[in-house]
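J.: My structure file data_16.cif, mmCIF, C-alpha atoms, is below:
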data_query
loop_
_atom_site.label_atom_id
_atom_site.label_comp_id
_atom_site.auth_asym_id
_atom_site.auth_seq_id
_atom_site.Cartn_x
_atom_site.Cartn_y
_atom_site.Cartn_z
CA MET A 20 18.98 -21.95 20.88
CA PRO A 21 15.80 -21.75 18.90
CA GLY A 22 13.56 -24.78 19.04
CA ASP A 23 15.10 -26.56 21.98
CA GLN A 24 12.33 -25.54 24.32
CA ASN A 25 9.41 -26.35 22.14
CA ILE A 26 9.47 -28.99 19.46
CA TRP A 27 6.01 -28.03 18.22
CA GLY A 28 7.06 -24.98 16.28
CA HIS A 29 4.81 -22.30 17.69
CA GLU A 30 4.98 -21.19 21.20
CA GLY A 31 2.07 -22.31 23.25
CA GLU A 32 0.73 -24.89 20.83
CA TYR A 33 1.81 -27.77 23.02
CA PRO A 34 -0.67 -27.58 25.86
CA CYS A 35 1.80 -28.29 28.64
CA THR A 36 4.35 -25.65 27.66
CA PRO A 37 5.11 -23.77 30.83
CA PRO A 38 4.86 -20.02 30.64
CA GLU A 39 8.13 -18.20 30.13
CA LYS A 40 7.22 -15.84 32.87
CA PRO A 41 4.63 -16.57 35.51
CA PRO A 42 1.51 -14.55 34.71
CA THR A 43 1.66 -12.92 38.11
CA GLU A 44 4.52 -12.34 40.45
CA PRO A 45 4.65 -14.90 43.23
CA GLY A 46 3.18 -13.65 46.42
CA LYS A 47 1.05 -11.11 44.61
CA ASN A 48 -2.62 -11.82 44.82
CA PRO A 49 -3.95 -12.43 41.30
CA GLN A 50 -7.40 -11.38 42.44
CA ARG A 51 -7.79 -7.80 41.47
CA GLU A 52 -8.91 -5.20 43.92
CA PRO A 53 -12.66 -4.77 44.12
CA GLY A 54 -13.74 -1.85 42.06
CA SER A 55 -10.53 -1.51 40.12
CA PRO A 56 -10.76 -2.15 36.37
CA ALA A 57 -9.46 -5.40 34.89
CA THR A 58 -7.22 -3.58 32.45
CA PRO A 59 -6.20 0.04 32.50
CA GLN A 60 -8.70 1.81 30.30
CA THR A 61 -7.36 4.23 27.74
CA PRO A 62 -9.68 6.66 26.02
CA HIS A 63 -8.91 5.38 22.52
CA ARG A 64 -9.18 1.68 23.34
CA VAL A 65 -5.64 0.93 22.20
CA GLN A 66 -4.38 -2.49 23.13
CA GLY A 67 -0.64 -2.48 23.51
CA ARG A 68 0.96 -5.89 23.78
CA THR A 69 4.52 -5.23 24.83
CA ARG A 70 5.78 -8.79 25.07
CA GLU A 71 4.36 -9.79 21.71
CA SER A 72 5.70 -6.61 20.10
CA MET A 73 9.19 -7.49 21.31
CA GLU A 74 8.83 -11.01 19.94
CA SER A 75 7.56 -9.66 16.66
CA ILE A 76 10.53 -7.33 16.32
CA LYS A 77 12.92 -10.19 17.09
CA GLU A 78 11.27 -12.72 14.78
CA LEU A 79 9.92 -10.65 11.91
CA GLY A 80 11.73 -7.34 12.21
CA ALA A 81 8.49 -5.41 12.38
CA SER A 82 6.37 -4.17 15.22
CA PRO A 83 2.63 -4.77 15.13
CA VAL A 84 0.37 -1.82 14.50
CA PRO A 85 -1.44 -0.92 17.73
CA GLU A 86 -5.00 -2.10 17.48
CA VAL A 87 -7.41 0.82 17.82
CA LYS A 88 -10.78 -0.46 18.86
CA SER A 89 -13.95 0.83 17.26
CA ASN A 90 -16.46 2.96 19.16
CA ILE A 91 -19.15 0.66 17.75
CA HIS A 92 -19.78 -2.73 19.28
CA CYS A 93 -21.06 -5.43 16.96
CA LEU A 94 -23.44 -7.85 18.63
CA THR A 95 -24.15 -10.91 16.53
CA ILE A 96 -27.25 -13.00 17.08
CA VAL A 97 -26.83 -16.27 15.19
CA GLY A 98 -28.44 -19.69 15.05
CA GLN A 99 -30.92 -20.65 17.71
CA ILE A 100 -31.49 -18.37 20.66
CA GLU A 101 -30.87 -20.76 23.51
CA GLY A 102 -33.29 -20.58 26.40
CA HIS A 103 -33.40 -22.26 29.76
CA LEU A 104 -32.44 -25.59 28.20
CA VAL A 105 -29.05 -26.29 26.64
CA LEU A 106 -29.71 -27.40 23.07
CA PRO A 107 -28.03 -30.45 21.52
CA PRO A 108 -24.61 -29.64 20.05
CA GLN A 109 -25.70 -29.70 16.37
CA ASN A 110 -27.36 -26.32 16.97
CA LYS A 111 -25.48 -23.09 16.64
CA ALA A 112 -26.74 -21.11 19.57
CA THR A 113 -26.74 -17.62 21.04
CA LYS A 114 -26.51 -17.81 24.80
CA TYR A 115 -28.63 -15.28 26.66
CA GLU A 116 -26.68 -15.59 29.90
CA HIS A 117 -23.71 -14.12 28.02
CA ILE A 118 -25.53 -11.55 25.86
CA ILE A 119 -27.48 -9.94 28.71
CA PRO A 120 -24.49 -8.99 30.92
CA GLN A 121 -22.69 -7.98 27.73
CA LEU A 122 -25.46 -5.46 27.02
CA VAL A 123 -25.06 -4.14 30.56
CA ALA A 124 -21.33 -3.67 29.86
CA LEU A 125 -22.12 -1.89 26.57
CA GLU A 126 -24.50 0.47 28.34
CA GLN A 127 -21.93 1.22 31.02
CA SER A 128 -18.72 1.32 28.97
CA PRO A 129 -17.61 4.87 28.08
CA ASP A 130 -15.70 3.55 25.02
CA VAL A 131 -18.74 2.09 23.29
CA GLU A 132 -20.88 4.77 21.66
CA GLY A 133 -23.17 2.66 19.51
CA VAL A 134 -24.29 -0.93 19.10
CA LEU A 135 -24.77 -2.69 15.77
CA VAL A 136 -26.92 -5.81 16.10
CA VAL A 137 -26.30 -8.26 13.27
CA LEU A 138 -28.97 -10.94 12.95
CA ASN A 139 -28.93 -14.23 11.14
CA THR A 140 -31.12 -16.33 13.36
CA VAL A 141 -33.81 -18.99 13.12
CA GLY A 142 -35.48 -17.91 16.32
CA GLY A 143 -35.53 -19.96 19.47
CA ASP A 144 -36.74 -19.56 23.02
CA VAL A 145 -39.48 -16.95 23.52
CA GLU A 146 -38.35 -15.84 26.97
CA ALA A 147 -34.67 -15.53 26.06
CA GLY A 148 -35.45 -13.75 22.79
CA LEU A 149 -37.75 -11.24 24.44
CA ALA A 150 -35.20 -10.67 27.21
CA ILE A 151 -32.51 -9.78 24.66
CA ALA A 152 -34.99 -7.61 22.71
CA GLU A 153 -36.00 -5.68 25.85
CA MET A 154 -32.35 -5.15 26.76
CA ILE A 155 -31.55 -3.76 23.30
CA ALA A 156 -34.66 -1.56 23.31
CA SER A 157 -33.79 -0.06 26.69
CA LEU A 158 -30.17 0.86 25.87
CA SER A 159 -29.59 4.60 26.15
CA LYS A 160 -27.00 4.51 23.33
CA PRO A 161 -27.75 4.51 19.59
CA THR A 162 -28.60 1.04 18.29
CA VAL A 163 -28.98 -0.15 14.71
CA SER A 164 -29.95 -3.66 13.68
CA ILE A 165 -29.35 -5.38 10.37
CA VAL A 166 -31.01 -8.59 9.26
CA LEU A 167 -28.80 -10.62 6.93
CA GLY A 168 -29.90 -14.00 5.67
CA GLY A 169 -32.75 -14.51 8.08
CA GLY A 170 -34.34 -13.04 11.16
CA HIS A 171 -37.14 -15.49 11.82
CA SER A 172 -39.71 -15.91 14.59
CA ILE A 173 -38.21 -14.54 17.81
CA GLY A 174 -35.57 -12.79 15.68
CA VAL A 175 -38.33 -10.36 14.61
CA PRO A 176 -38.66 -8.68 18.06
CA ILE A 177 -34.86 -8.48 18.33
CA ALA A 178 -34.61 -6.84 14.89
CA VAL A 179 -37.25 -4.21 15.69
CA ALA A 180 -35.84 -3.56 19.20
CA ALA A 181 -33.07 -1.39 17.81
CA GLN A 182 -33.81 2.30 17.22
CA TYR A 183 -33.27 1.90 13.48
CA SER A 184 -33.44 -1.36 11.56
CA PHE A 185 -32.09 -2.50 8.21
CA ILE A 186 -32.75 -5.61 6.18
CA ALA A 187 -30.62 -6.91 3.33
CA GLU A 188 -32.36 -7.14 -0.06
CA THR A 189 -32.37 -10.95 0.05
CA ALA A 190 -32.87 -11.47 3.78
CA SER A 191 -36.09 -13.03 5.00
CA MET A 192 -38.21 -12.91 8.11
CA THR A 193 -40.73 -15.64 8.93
CA ILE A 194 -43.73 -14.55 10.98
CA HIS A 195 -45.78 -17.47 12.29
CA PRO A 196 -47.71 -18.44 15.42
CA ILE A 197 -46.01 -19.84 18.51
CA ARG A 198 -46.42 -23.57 19.00
CA LEU A 199 -46.10 -25.75 22.06
CA ASN A 200 -43.68 -28.61 22.09
CA GLY A 201 -43.62 -31.50 24.51
CA LEU A 202 -46.57 -32.80 26.47
CA VAL A 203 -49.69 -30.73 25.89
CA ILE A 204 -52.62 -30.99 28.27
CA GLY A 205 -55.85 -30.64 26.33
CA VAL A 206 -57.59 -28.01 28.44
CA PRO A 207 -58.69 -24.46 27.53
CA GLN A 208 -55.96 -23.06 29.80
CA THR A 209 -53.30 -24.44 27.44
CA TYR A 210 -54.71 -22.34 24.63
CA GLU A 211 -54.99 -19.27 26.81
CA TYR A 212 -51.39 -19.66 27.98
CA LEU A 213 -50.21 -19.94 24.39
CA ASP A 214 -52.29 -16.92 23.43
CA LYS A 215 -50.71 -14.88 26.23
CA MET A 216 -47.24 -15.88 25.06
CA GLN A 217 -48.14 -14.79 21.54
CA ASP A 218 -49.50 -11.48 22.79
CA ARG A 219 -46.16 -10.70 24.41
CA VAL A 220 -44.43 -11.04 21.04
CA VAL A 221 -47.14 -9.15 19.12
CA ARG A 222 -47.19 -6.31 21.66
CA PHE A 223 -43.42 -5.90 21.61
CA VAL A 224 -43.21 -5.87 17.81
CA THR A 225 -46.09 -3.41 17.36
CA GLN A 226 -44.69 -1.07 20.03
CA HIS A 227 -41.22 -0.98 18.49
CA SER A 228 -42.05 -0.78 14.79
CA ARG A 229 -44.51 0.94 12.46
CA ILE A 230 -46.59 -2.20 11.86
CA SER A 231 -50.13 -2.27 13.28
CA GLU A 232 -51.33 -5.11 15.47
CA ALA A 233 -54.01 -6.12 12.96
CA SER A 234 -51.51 -6.21 10.13
CA PHE A 235 -48.98 -8.25 12.15
CA ARG A 236 -51.62 -10.76 13.24
CA ASP A 237 -52.81 -11.02 9.63
CA LEU A 238 -49.26 -11.95 8.55
CA MET A 239 -48.95 -14.37 11.44
CA PHE A 240 -52.12 -16.35 10.73
CA ARG A 241 -52.12 -16.27 6.92
CA THR A 242 -52.61 -19.67 5.34
CA GLY A 243 -51.37 -20.91 2.01
CA GLU A 244 -47.94 -19.25 2.08
CA LEU A 245 -45.88 -21.76 4.02
CA ALA A 246 -45.89 -25.44 3.17
CA ARG A 247 -45.71 -26.86 6.66
CA ASP A 248 -46.97 -23.98 8.73
CA ILE A 249 -49.29 -20.99 8.74
CA GLY A 250 -47.73 -17.57 8.53
CA THR A 251 -45.76 -15.45 6.08
CA VAL A 252 -42.20 -15.01 4.87
CA LEU A 253 -41.28 -11.39 4.25
CA ILE A 254 -38.30 -10.84 1.97
CA GLY A 255 -36.21 -7.65 2.05
CA ARG A 256 -38.37 -4.84 0.71
CA GLU A 257 -41.65 -6.49 1.80
CA ALA A 258 -40.61 -6.18 5.45
CA VAL A 259 -40.05 -2.44 4.90
CA GLU A 260 -43.37 -2.04 3.06
CA LYS A 261 -45.22 -3.73 5.94
CA GLY A 262 -43.59 -1.30 8.37
CA LEU A 263 -41.66 -3.93 10.29
CA ILE A 264 -38.19 -2.74 9.28
CA ASP A 265 -37.13 0.86 8.56
CA GLU A 266 -34.94 0.50 5.47
CA VAL A 267 -33.44 -1.91 2.96
CA GLY A 268 -29.67 -1.79 3.07
CA GLY A 269 -26.40 -3.48 3.79
CA VAL A 270 -23.61 -3.12 6.29
CA GLY A 271 -22.26 0.13 4.81
CA ARG A 272 -25.55 1.97 5.20
CA ALA A 273 -26.16 0.51 8.65
CA VAL A 274 -22.75 1.67 9.92
CA ASN A 275 -23.23 5.12 8.36
CA LYS A 276 -26.64 5.44 9.98
CA LEU A 277 -25.19 4.41 13.34
CA LYS A 278 -22.38 6.96 12.96
CA SER A 279 -24.81 9.78 12.23
CA MET A 280 -26.99 8.67 15.17
CA ILE A 281 -23.90 8.76 17.43
CA GLU A 282 -23.16 12.32 16.21
CA ASP A 283 -26.73 13.40 17.03
CA TRP A 284 -26.61 11.62 20.36
CA LYS A 285 -23.41 13.44 21.32
CA LYS A 286 -25.05 16.76 20.45
CA GLY A 287 -27.87 15.88 22.79
CA VAL A 288 -30.59 15.18 20.24
CA PRO A 289 -32.97 12.77 22.00
CA LEU A 290 -33.08 9.26 20.60
CA GLN A 291 -36.37 8.25 19.09
CA MET B 20 -39.78 -23.71 27.40
CA ILE B 21 -41.49 -22.59 24.23
CA LEU B 22 -39.35 -22.73 21.12
CA TYR B 23 -40.43 -20.19 18.51
CA THR B 24 -38.62 -21.18 15.36
CA PRO B 25 -39.47 -22.14 11.78
CA MET B 26 -37.00 -25.02 12.01
CA GLN B 27 -38.41 -28.49 12.49
CA LEU B 28 -38.38 -29.31 16.17
CA GLU B 29 -37.18 -32.86 15.41
CA LEU B 30 -34.03 -31.32 13.94
CA VAL B 31 -33.51 -28.83 16.74
CA LEU B 32 -34.06 -31.28 19.57
CA GLU B 33 -32.42 -34.30 17.95
CA GLY B 34 -30.13 -36.07 20.38
CA LEU B 35 -31.55 -34.32 23.43
CA GLU B 36 -32.11 -37.64 25.22
CA GLN B 37 -28.55 -38.80 24.59
CA MET B 38 -27.02 -35.57 25.87
CA LYS B 39 -24.89 -36.19 28.89
CA HIS B 40 -24.28 -33.73 31.63
CA VAL B 41 -20.71 -32.57 31.17
CA SER B 42 -18.78 -31.99 34.33
CA THR B 43 -17.67 -28.43 34.78
CA ARG B 44 -15.60 -26.73 37.40
CA LYS B 45 -15.03 -23.21 38.53
CA VAL B 46 -11.64 -21.62 38.04
CA ASP B 47 -10.34 -18.06 38.15
CA VAL B 48 -8.74 -16.73 34.98
CA ASP B 49 -6.94 -13.43 35.68
CA GLY B 50 -9.21 -13.00 38.67
CA VAL B 51 -12.39 -13.62 36.65
CA PRO B 52 -14.42 -16.59 37.91
CA VAL B 53 -15.41 -18.81 34.98
CA LEU B 54 -17.00 -22.22 34.65
CA ILE B 55 -14.85 -24.45 32.46
CA GLN B 56 -15.10 -27.89 30.97
CA ASP B 57 -11.81 -29.80 30.79
CA THR B 58 -10.84 -30.46 27.18
CA GLY B 59 -7.28 -31.73 27.50
CA PRO B 60 -4.13 -31.54 29.53
CA GLY B 61 -3.56 -28.00 30.66
CA GLU B 62 -6.54 -26.47 28.88
CA GLY B 63 -10.25 -26.02 29.33
CA MET B 64 -13.19 -24.57 27.41
CA VAL B 65 -15.17 -21.70 28.88
CA VAL B 66 -18.79 -22.70 29.45
CA ARG B 67 -19.95 -19.62 31.31
CA ILE B 68 -18.55 -16.53 32.98
CA LEU B 69 -19.62 -16.27 36.61
CA SER B 70 -18.31 -12.77 37.21
CA THR B 71 -20.61 -9.96 38.28
CA ASP B 72 -18.42 -7.32 36.62
CA PRO B 73 -20.10 -6.55 33.26
CA ARG B 74 -16.75 -5.61 31.73
CA ASP B 75 -15.60 -9.23 31.95
CA TYR B 76 -18.36 -10.15 29.49
CA LEU B 77 -16.70 -8.01 26.80
CA ARG B 78 -13.41 -9.90 27.06
CA THR B 79 -12.80 -11.69 23.77
CA ASP B 80 -10.57 -14.30 25.40
CA LEU B 81 -13.31 -15.45 27.76
CA TYR B 82 -16.28 -15.96 25.45
CA PRO B 83 -18.21 -19.20 25.92
CA GLY B 84 -16.38 -21.75 23.80
CA ALA B 85 -12.99 -20.06 24.18
CA VAL B 86 -10.16 -22.35 25.21
CA VAL B 87 -8.15 -21.13 28.18
CA GLU B 88 -4.77 -22.37 29.30
CA LEU B 89 -5.06 -23.54 32.83
CA PHE B 90 -1.66 -22.32 34.00
CA LYS B 91 -3.19 -18.87 33.93
CA CYS B 92 -5.86 -20.01 36.33
CA THR B 93 -5.78 -20.25 40.06
#
What do you get writing this file as structure tokens?
T.:
Amino acid sequence: MPGDQNIWGHEGEYPCTPPEKPPTEPGKNPQREPGSPATPQTPHRVQGRTRESMESIKELGASPVPEVKSNIHCLTIVGQIEGHLVLPPQNKATKYEHIIPQLVALEQSPDVEGVLVVLNTVGGDVEAGLAIAEMIASLSKPTVSIVLGGGHSIGVPIAVAAQYSFIAETASMTIHPIRLNGLVIGVPQTYEYLDKMQDRVVRFVTQHSRISEASFRDLMFRTGELARDIGTVLIGREAVEKGLIDEVGGVGRAVNKLKSMIEDWKKGVPLQ
Amino acid sequence: MILYTPMQLELVLEGLEQMKHVSTRKVDVDGVPVLIQDTGPGEGMVVRILSTDPRDYLRTDLYPGAVVELFKCT
């Protein structure tokens, strides 16, 4: 009889609903064998869900279309890039301890042929941001980044880490010096430490984009552009003119570029 | 930790002192070790994946913040 098992309408909404079938047969070890894949991998990344298809046929009279997964993986970097400290919950945060192994999986997975990095970030931790940027830069697969909304501060190295970068017409990138927060000891070493940290960012950006070190430092230490800070905001085309980003464009152009890069990569054309 | 952000640090770090350490525990979901935080009867929120298999990090049902039903766990 419908509804006598679950008064909450949908199956599974009530948290204590027992499973209709146990997820694993009793006596069978749920731990998978070492080395064996979690799910059987099919070359076209089709996810077939037999039980749900049967339910769908019974309930709706239609079977769901098998979901064919894309050969492009979309990696979104949003909000603050969380470092070694968990930020208070009002922050939207990108967790590096999840992104870094994910990039390893993308490098290793035969189904993923290209990575699209979508950025809308306000920066965050220097170490975590540079770690993600280095991981993206060292991928052997085609990578394209697109800055939408904002790619500020430590978002700049992540945006330029990809082999080809796009920026939306209205997106902005803030380039400003690194500051120390917390207790600061007033000794020359503090300044030198900060300067070293800044050099890491400057070196990475200048190595992975067309901008020169002098030009990037000039943007970083410019006064009179930001109300509360020194530095510059580059909007859309300005970032391309300065050589930081390769092209102005949206998602359509970024995906097309990635597709053509994948074609070249398959033919054996070396990535730039 | 050096935060490199144009956002005001007072806004970013607001409430840091009041943040409590949430208790987490390790469970296995389909053989994948994950750290979860209990959110209600029979369910928990994924805080972190502890697996060393990179493929587990591409699973959409085990992202940090995803709610898992604990009857699937061991």
J.: Contacts from chain B to chain A, 7 Å maximum, all atoms listed in the file: show me the residue list as a list in words.
T.: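 Those within range of chain A come out as Met20, Ile21, Leu22, Tyr23, Thr24, Pro25, Met26, Val31, Leu32, Glu33, Gly34, Leu35, Met38, Asp49, Gly50, Pro60, Gly61, Glu62, Pro73, Arg74, Tyr76, Leu77 and Lys91 of chain B.
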J.: Restricting the calculation to all atoms listed in the file, which member of A:Leu79, A:Ile91, A:Leu263, A:Val224 is positioned closest to A:Pro176?
T.: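 Smallest separation from A:Pro176 among the options: A:Val224.
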J.: Just so the selection is clear, what residues does the PyMOL selection byres ((chain A and resi 136) around 9) cover here, as a ChimeraX atom specification?
T.: /A:92-96,134-135,137-138,155,162-166,177-178,181
J.: How many Å lie between atom CA of A:Val97 and atom CA of A:Leu277, rounded to one decimal?
T.: 20.8 Å
J.: Dig up all the protein and nucleic acid residues within 9 Å of (-16.1, -12.8, 32.6) in the file frame, using only C-alpha atoms, and format them as a list in words.
T.: His117 of chain A; Val48, Val51, Pro52, Val53, Arg67, Ile68, Leu69, Ser70, Thr71, Asp72, Pro73, Arg74, Asp75, Tyr76, Leu77, Arg78, Leu81 and Tyr82 of chain B
J.: Atom CA of A:Tyr210 and atom CA of A:Ala152 are how many Å apart?
T.: 24.7 Å
J.: Which value, in Å to one decimal, gives the distance between atom CA of A:Ser234 and atom CA of A:Leu253?
T.: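 Going from atom CA of A:Ser234 over to atom CA of A:Leu253, I get 12.9 Å.
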J.: Please determine, counting all atoms listed in the file, which residue among B:Val86, B:Val65, B:Asp57, B:Thr79 has the shortest atom-to-atom distance to B:Val41.
T.: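 Using all atoms listed in the file, the shortest distance to B:Val41 belongs to B:Asp57.
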J.: Can you report as lines of an AutoDock Vina configuration file the centre and edge lengths in Å, to one decimal, of an axis-aligned box around the listed atoms of stretch 45-51 of chain B padded with 4 Å on each side?
T.:
center_x = -11.0
center_y = -18.1
center_z = 36.8
size_x = 16.1
size_y = 18.2
size_z = 11.7
